Amino acid sequence: MRKTTYKRLKGSQSFRQRLLLSTLSSTPIIIDEIRADDMIPGLLRHEMSLLRLFETVTDDCVVEVNETGTRLKYKPGIIMGGKNLVHNCALTRSMGYYIEPLLVLGLFGKKPLSIRLKGVTDDPKDPSVDTFRNASLHILKRFGVPSEGLDLKIEARGVAPEGGGEVILTVPNVQTLTAVQWVDEGMVKRIRGWTFSARVSSDFEHSMRFAARGIFNNLLPDVHIFNDHKSGPHAGKSPGYGITLVAETTAGCHISADTTVSCGRTDETGEFDEEKQERKPAEDTGVEIASWLLQEIEKGGVVDSTHQGLLFMLCALCQQDVSKVRVGTLSPYGIETLRNLKEFLGVTFSFKPDPTTSTVMLTCVGSGLPNLSRKLS
């Protein structure tokens with residue numbers, strides 16, 4: 001029997017992407033010195049939860065963590081997918097942290113993926129579930145992913161720190177992804193928004209909608225913001241409210257911005273965060289997020305800065321053909337993704353800045369990653 005060769009990595013950065021790319025490329029990895037010098041060393045709760053999630057959707061993967069959690073040995077298995085899977089997400093991060101790798105993993109599974117996630121649906125750190133449903137899924141469709149079987153259904157809201165939300169994510173399988181030439185962002189033709197409130201008055205939603213519309217109505221006529229007030233078991237266990245805005249362009253791009261305000265937040269250690277007791281009015285949240293969306297549109301590019309990592313990942317996983325995309329200013333997460341793609345898949349992107357629009361044109365040849373799991377069936 002052949003001895004397994006492990007790729008050696010250090011540190012806690014890009015943990016989620018390293019796991020994802022290790023699984024897709026079937027590269028066993030050892031990560032050393034995970035927060036070795038921190039007061040709380042080793043893997044955090046949401047990272048352990050992510051490992052459990054990978055064990056749920058794959059078969060025959062081997063996870064070994066040392067006593068302090070500072071060293072991880074991971075040997076990926078076969079991506080199975082499957083129906084009626086359930087995962088309880090750690091409450092230190094929202095579902096956005098888990099959904100992004102699942103979207104990519106599900107595509108290369110043996111069977112279509114259908115999984116129920118339980119935990120925090122919205123927090124200020126990760127993209128909200130509304131953003132994934134109304135912006136991220138459209139990006140996947142660009143790469144030849146069929147609309148049928150690609151869905152995110154929000155069953156119940158759950159705001160940090162207690163969570164209590166539930167969503168059902170379904171992802172179809174593909175044999176390979178199609179390379180894209182996606183350089184025209186077009187002009188904004190309409191803005192759609194979704195506000196939610198859980199265990200608080202719906203007045204918070206009205207204030208945010210009114211403030212956000214006040215900015216957009218001066219710019220274009222087609223603005224509609226939907227409200228989603230939850231109560232009872234569908235409202236989760238913690239009070240809070242939030243807003244997601246998506247600008248749709250004539251070229252079919254979806255630029256998004258979102259935020260969540262949780263009324264009572266705990267930090268990583270589980271301590272209650274006193275500083276966040278003084279909250280700004282809901283009107284200010286509406287104005288802030290509308291301004292942020294306008295900034296994202298001004299930056300240019302076919303996706304907003306939070307989706308750059310997903311876009312580059314899909315380009316690198318395409319068939320062996322040239323993909324060309326335009327983005328605004330490169331985000332730190334986007335740059336991190338480019339480094340990881342070079343390390344695991346050997347895919348390098350060439351950059352061509354466009355000084356007239358302050359955007360960057362990126363070109364790469366896909367790795368041609370086939371869906372090996374489906375061939376086994």
# chains A, B, ... in the order shown; residues from 1 in each chain; ligands from 1
>>> residues_around(residues="region 124-129 of chain A", least_positions_apart="5", cutoff="6 Å", atoms="only C-alpha atoms", output="number ranges by chain")
A: 96, 259-260
>>> closest_atom_pairs(of="region 189-236 of chain A", to="region 138-156 of chain A", cutoff="10 Å", atoms="only C-alpha atoms", output="JSON lines")
{"residue": "A:Ala198", "atom": "CA", "partner": "A:Ala156", "partner_atom": "CA", "distance": 9.5}
{"residue": "A:Lys230", "atom": "CA", "partner": "A:Ala156", "partner_atom": "CA", "distance": 7.9}
{"residue": "A:Ser231", "atom": "CA", "partner": "A:Ala156", "partner_atom": "CA", "distance": 9.5}
{"residue": "A:Gly232", "atom": "CA", "partner": "A:Ala156", "partner_atom": "CA", "distance": 9.8}
{"residue": "A:Pro233", "atom": "CA", "partner": "A:Ala156", "partner_atom": "CA", "distance": 7.5}
{"residue": "A:His234", "atom": "CA", "partner": "A:Ala156", "partner_atom": "CA", "distance": 4.3}
{"residue": "A:Ala235", "atom": "CA", "partner": "A:Ala156", "partner_atom": "CA", "distance": 6.1}
{"residue": "A:Gly236", "atom": "CA", "partner": "A:Ala156", "partner_atom": "CA", "distance": 6.5}
>>> residues_around(residues="Thr348 (chain A)", least_positions_apart="4", cutoff="10 Å", atoms="only C-alpha atoms", output="ChimeraX atom specification")
/A:316,338-339,341-343,362-367
>>> write_last_selection(atoms="N, CA and C atoms", output="compact mmCIF listing (two decimals), in the first residue's frame")
# COMPACT_ATOMS: atom_id res chain seq x y z
N ALA A 316 -11.14 28.90 -11.37
CA ALA A 316 -10.03 27.94 -11.29
C ALA A 316 -10.50 26.50 -11.43
N LEU A 338 -6.57 33.71 -4.30
CA LEU A 338 -5.66 33.53 -5.44
C LEU A 338 -4.41 32.76 -5.03
N ARG A 339 -3.90 33.07 -3.82
CA ARG A 339 -2.70 32.36 -3.32
C ARG A 339 -2.99 30.89 -3.07
N LEU A 341 -5.35 29.05 -4.46
CA LEU A 341 -5.62 28.35 -5.72
C LEU A 341 -4.31 27.96 -6.41
N LYS A 342 -3.32 28.84 -6.30
CA LYS A 342 -2.01 28.53 -6.91
C LYS A 342 -1.36 27.37 -6.16
N GLU A 343 -1.50 27.37 -4.84
CA GLU A 343 -0.85 26.33 -4.01
C GLU A 343 -1.46 24.95 -4.21
N LEU A 362 -8.92 39.88 -14.79
CA LEU A 362 -8.18 38.68 -14.42
C LEU A 362 -8.46 37.56 -15.41
N THR A 363 -7.38 36.89 -15.83
CA THR A 363 -7.51 35.80 -16.79
C THR A 363 -6.82 34.56 -16.24
N CYS A 364 -7.45 33.40 -16.40
CA CYS A 364 -6.80 32.15 -15.98
C CYS A 364 -7.26 31.01 -16.87
N VAL A 365 -6.46 29.95 -16.87
CA VAL A 365 -6.88 28.71 -17.54
C VAL A 365 -7.33 27.76 -16.44
N GLY A 366 -8.56 27.25 -16.53
CA GLY A 366 -9.12 26.38 -15.49
C GLY A 366 -8.29 25.12 -15.28
N SER A 367 -8.43 24.54 -14.11
CA SER A 367 -7.66 23.33 -13.79
C SER A 367 -8.25 22.09 -14.45
>>> closest_residue(among="A:Ile215, A:Met95, A:Ile115, A:Ala290", to="Gly82 (chain A)", atoms="only C-alpha atoms")
A:Ile115
>>> residues_around(residues="region 1-16 of chain A", least_positions_apart="5", cutoff="7 Å", atoms="only C-alpha atoms", output="tab-separated table (two decimals) with N, CA, C and O atoms, in the first residue's frame")
chain	number	residue	atom	x	y	z
A	28	PRO	N	-4.09	15.36	0.81
A	28	PRO	CA	-4.05	15.30	2.28
A	28	PRO	C	-3.18	16.43	2.84
A	28	PRO	O	-2.15	16.77	2.24
A	29	ILE	N	-3.61	17.03	3.95
A	29	ILE	CA	-2.85	18.16	4.52
A	29	ILE	C	-2.60	17.97	6.01
A	29	ILE	O	-3.35	17.31	6.71
A	30	ILE	N	-1.49	18.59	6.47
A	30	ILE	CA	-1.20	18.72	7.90
A	30	ILE	C	-1.02	20.20	8.17
A	30	ILE	O	-0.20	20.86	7.51
A	31	ILE	N	-1.82	20.75	9.10
A	31	ILE	CA	-1.67	22.16	9.46
A	31	ILE	C	-1.10	22.23	10.88
A	31	ILE	O	-1.71	21.71	11.82
A	32	ASP	N	0.06	22.85	11.02
A	32	ASP	CA	0.71	22.99	12.33
A	32	ASP	C	0.55	24.42	12.85
A	32	ASP	O	0.20	25.34	12.09
A	33	GLU	N	0.85	24.58	14.13
A	33	GLU	CA	0.90	25.91	14.77
A	33	GLU	C	-0.39	26.70	14.58
A	33	GLU	O	-0.37	27.87	14.20
A	34	ILE	N	-1.54	26.07	14.83
A	34	ILE	CA	-2.83	26.76	14.72
A	34	ILE	C	-3.04	27.56	16.01
A	34	ILE	O	-3.31	27.01	17.06
A	35	ARG	N	-2.84	28.86	15.91
A	35	ARG	CA	-2.98	29.79	17.06
A	35	ARG	C	-2.17	29.30	18.27
A	35	ARG	O	-2.63	29.37	19.41
>>> closest_residue(among="A:Ala211, A:Met313, A:Ala36, A:Val223", to="Val104 (chain A)", atoms="only C-alpha atoms")
A:Met313
